[in-house]
Amino acid sequence: MSTFTVGGLSTGVDYNDLISKLIDAQSQPIKLLESKKSTYSDKITKYSDLSSKLSSLKSAVDKLRTSSNFYSKAVSVSDSTVLEATVTSSASAGTYSVSVASLASEEKEVHSGVALSSTVINSSGSDKVFQYTYGGTQRSITVANGTTLDGLKNLINDDTGNPGVTATIVNDGVGATPYRLIITGDDKGAAKSITVDAGTTLDGTGSTTNFTSAAFTQTKTAADADFTVDGLQIKRSSNSIADVIEGVTINLKKGLNASSTITVTADRTAIKAQISSFVSAYNDAVDVISANSDYNSTTKVSGVFFGEATARSIRDSLRSYISGTVSGQPDDMTILAQLGITTNSKTGKLDVNSSTLDTKLASDLEDVATLFTDPTNGVANKMYEYINNITSSVDGSITLREKGLQNVIKDIDDTIRNMQYRLDKTESDLVRKFTALESLVSSYNTVGSYLTNFSTQA
């Protein structure tokens, strides 16, 4: 808009107000375009909301579209003092008998001891070496003259090439040399043994303390877990085993031929929860469409999705998948309605008869699963693929509609820019013309005043 103003002292006309009203009248088409632009922007926002809800629905049906995901599993053990177990959906239902002969363990080497942790263990006047091997990796630690027991502990622990041992000092209170260096393997398993090697020159001679292998006692031996599953003997380097029974992680707790039974079952409570999550996610997506598609006959205001073919098509497609049948099923298990999952005729949302669903899950779990997981007609499979397509960031129908709306907004912006340019020019022209008119009237007034004064003087 122009910043020029024009006065009305000569004519008595408020040209600024007149120009403002003229420009405002000519601005109405721009205001209408701005209103349309706002509507299109609202559509984009709601499509973004819908896309988000559909993504949540996609995640929910993903948990139902394959047997491995659908069949949530529960696990129990007969004796939790012997072992514990956790399970994933890939585990097969069944009972497994486990007998534990011995647990996996780490190795501990305990030194014979010195008087205090501050006791100097090398007073030879030169560097000595403490050498050990752990899990096949040998390390040689340089022990400088004046090093204490605590210093040796730190040398081992701070060694950048430490292969996986931890050194500690324990005061057992026994005898004149109660401070004992303990070297413990960080990992369990027979392959993780510790040896103090012949390269150790900190050997008790020449004002040194003996740290050769003869000065250490093995109080715990590196060993594999030894156990059987259904009579099959198995050894593992850890007490946490995830590669014996598919989908089951076993944590062994007690050996000495202790036994326990692992039972894996379908977790119907968890399966029902997954179905309920699917229903909630479906209702959230449908609600976004329905809430923005109505026309209020009283206020004459329509939702941003009113007349939107894309939104309507999505709603209709989702409903068709819900009401679709799965062939090859028993007559009483071909559609979701037979599970107690029905569409509310007023809201379009799903209602769940919890009692009916519980009954079907208890008596016909496999057929319930097929309704969702059937690779051709399963509700979850079809809905997953559909949502995956329409939310594609490349050519999904929502993406394409959003791009179309963005293009419309761009065109409107271009049109408004051009119209505003012409309107600004019109305003400038009006200011210029009215300024000229004011100047002309002012000159006439000046002449009139002169003639009046002249006639009076005559």
# chains A, B, ... in the order shown; residues from 1 in each chain; ligands from 1
>>> select_by_dssp(residues="range 322-433 of chain A", states="strand (DSSP E)", output="ChimeraX atom specification")
/A:341-343,350-352
>>> residues_around(residues="Thr265 in chain A", least_positions_apart="4", cutoff="9 Å", atoms="only C-alpha atoms", output="list in words")
Ser72, Lys73, Ala74, Val75, Ser76, Ser92, Ala93, Gly94 and Thr95 of chain A
>>> closest_residue(among="A:Phe305, A:Pro330, A:Thr415, A:Ser118", to="Thr177 in chain A", atoms="only C-alpha atoms")
A:Ser118
>>> atom_distance(atom1="CA of Gly135 in chain A", atom2="CA of Ser237 in chain A")
12.1 Å
>>> residues_around(residues="range 37-42 of chain A", least_positions_apart="6", cutoff="8 Å", atoms="only C-alpha atoms", output="list in words")
Val304, Leu405, Gln406, Val408, Ile409 and Ile412 of chain A
>>> residues_around(residues="range 314-321 of chain A", least_positions_apart="6", cutoff="7 Å", atoms="only C-alpha atoms", output="list in words")
Val286, Val379 and Met383 of chain A
>>> select_by_dssp(residues="range 191-279 of chain A", states="alpha helix (DSSP H)", output="list in words")
Arg268, Thr269, Ala270, Ile271, Lys272, Ala273, Gln274, Ile275, Ser276, Ser277, Phe278 and Val279 of chain A
>>> write_last_selection(atoms="C-alpha atoms", output="PDB file, in the first residue's frame")
ATOM      1  CA  ARG A 268      -4.107 -64.432  25.190  1.00  0.00           C
ATOM      2  CA  THR A 269      -4.191 -61.376  27.423  1.00  0.00           C
ATOM      3  CA  ALA A 270      -1.364 -59.769  25.436  1.00  0.00           C
ATOM      4  CA  ILE A 271      -2.985 -60.775  22.130  1.00  0.00           C
ATOM      5  CA  LYS A 272      -6.239 -59.149  23.195  1.00  0.00           C
ATOM      6  CA  ALA A 273      -4.309 -56.020  24.178  1.00  0.00           C
ATOM      7  CA  GLN A 274      -2.759 -55.900  20.686  1.00  0.00           C
ATOM      8  CA  ILE A 275      -6.187 -56.222  19.092  1.00  0.00           C
ATOM      9  CA  SER A 276      -7.513 -53.471  21.382  1.00  0.00           C
ATOM     10  CA  SER A 277      -4.603 -51.230  20.351  1.00  0.00           C
ATOM     11  CA  PHE A 278      -5.498 -51.858  16.716  1.00  0.00           C
ATOM     12  CA  VAL A 279      -9.140 -50.900  17.362  1.00  0.00           C
TER      13      VAL A 279
END
>>> residues_around(residues="range 149-151 of chain A", least_positions_apart="6", cutoff="7 Å", atoms="only C-alpha atoms", output="ChimeraX atom specification")
/A:117-121
>>> write_last_selection(atoms="C-alpha atoms", output="JSON list (two decimals), in the first residue's frame")
[["chain", "number", "residue", "atom", "x", "y", "z"],
["A", 117, "SER", "CA", 48.34, -52.49, 50.45],
["A", 118, "SER", "CA", 51.05, -49.83, 50.69],
["A", 119, "THR", "CA", 53.77, -52.42, 51.00],
["A", 120, "VAL", "CA", 56.47, -51.90, 48.38],
["A", 121, "ILE", "CA", 56.74, -55.05, 46.26]]
>>> closest_residue(among="A:Thr142, A:Asn292, A:Ser99, A:Thr359", to="Val229 in chain A", atoms="only C-alpha atoms")
A:Ser99
>>> atom_distance(atom1="CA of Thr137 in chain A", atom2="CA of Ala167 in chain A")
16.3 Å
>>> residues_around(residues="Tyr134 in chain A", least_positions_apart="2", cutoff="7 Å", atoms="only C-alpha atoms", output="list in words")
Tyr132, Gly136, Thr137, Gln138, Pro163, Lys192, Ser193, Ile194 and Thr195 of chain A
>>> write_last_selection(atoms="N, CA and C atoms", output="PDB file, in the first residue's frame")
ATOM      1  N   TYR A 132      51.047 -62.092  32.571  1.00  0.00           N
ATOM      2  CA  TYR A 132      49.927 -63.027  32.697  1.00  0.00           C
ATOM      3  C   TYR A 132      49.241 -63.188  31.344  1.00  0.00           C
ATOM      4  N   GLY A 136      43.849 -66.344  26.196  1.00  0.00           N
ATOM      5  CA  GLY A 136      44.746 -66.458  25.049  1.00  0.00           C
ATOM      6  C   GLY A 136      45.537 -65.201  24.744  1.00  0.00           C
ATOM      7  N   THR A 137      45.299 -64.107  25.489  1.00  0.00           N
ATOM      8  CA  THR A 137      46.025 -62.854  25.267  1.00  0.00           C
ATOM      9  C   THR A 137      47.002 -62.620  26.416  1.00  0.00           C
ATOM     10  N   GLN A 138      48.277 -62.481  26.079  1.00  0.00           N
ATOM     11  CA  GLN A 138      49.303 -62.272  27.102  1.00  0.00           C
ATOM     12  C   GLN A 138      49.625 -60.790  27.265  1.00  0.00           C
ATOM     13  N   PRO A 163      43.191 -57.336  28.614  1.00  0.00           N
ATOM     14  CA  PRO A 163      42.323 -58.199  27.806  1.00  0.00           C
ATOM     15  C   PRO A 163      40.996 -58.561  28.460  1.00  0.00           C
ATOM     16  N   LYS A 192      38.197 -68.546  29.129  1.00  0.00           N
ATOM     17  CA  LYS A 192      38.631 -67.319  29.790  1.00  0.00           C
ATOM     18  C   LYS A 192      39.441 -67.615  31.049  1.00  0.00           C
ATOM     19  N   SER A 193      40.426 -68.489  30.922  1.00  0.00           N
ATOM     20  CA  SER A 193      41.280 -68.823  32.056  1.00  0.00           C
ATOM     21  C   SER A 193      42.384 -67.783  32.237  1.00  0.00           C
ATOM     22  N   ILE A 194      42.960 -67.752  33.452  1.00  0.00           N
ATOM     23  CA  ILE A 194      44.046 -66.831  33.779  1.00  0.00           C
ATOM     24  C   ILE A 194      45.273 -67.650  34.177  1.00  0.00           C
ATOM     25  N   THR A 195      46.441 -67.317  33.618  1.00  0.00           N
ATOM     26  CA  THR A 195      47.708 -67.930  34.066  1.00  0.00           C
ATOM     27  C   THR A 195      48.720 -66.827  34.313  1.00  0.00           C
TER      28      THR A 195
END
>>> residues_around(residues="Thr148 in chain A", least_positions_apart="5", cutoff="12 Å", atoms="only C-alpha atoms", output="PyMOL selection string")
chain A and resi 114-123+143+153-155+169+179+181+208-209
>>> write_last_selection(atoms="C-alpha atoms", output="CSV table (one decimal), in the first residue's frame")
chain,number,residue,atom,x,y,z
A,114,VAL,CA,51.6,-58.9,51.8
A,115,ALA,CA,51.5,-56.9,55.1
A,116,LEU,CA,49.7,-53.8,53.8
A,117,SER,CA,48.3,-52.5,50.4
A,118,SER,CA,51.0,-49.8,50.7
A,119,THR,CA,53.8,-52.4,51.0
A,120,VAL,CA,56.5,-51.9,48.4
A,121,ILE,CA,56.7,-55.1,46.3
A,122,ASN,CA,59.7,-54.0,44.2
A,123,SER,CA,62.8,-52.6,46.0
A,143,VAL,CA,56.6,-52.8,37.6
A,153,LYS,CA,46.6,-53.3,41.1
A,154,ASN,CA,46.3,-50.0,39.3
A,155,LEU,CA,48.9,-51.0,36.7
A,169,ILE,CA,42.8,-56.0,47.0
A,179,TYR,CA,46.4,-58.0,52.0
A,181,LEU,CA,45.8,-59.2,45.2
A,208,THR,CA,61.1,-58.1,45.5
A,209,THR,CA,57.8,-59.9,46.5
>>> atom_distance(atom1="CA of Asp424 in chain A", atom2="CA of Leu22 in chain A")
11.9 Å
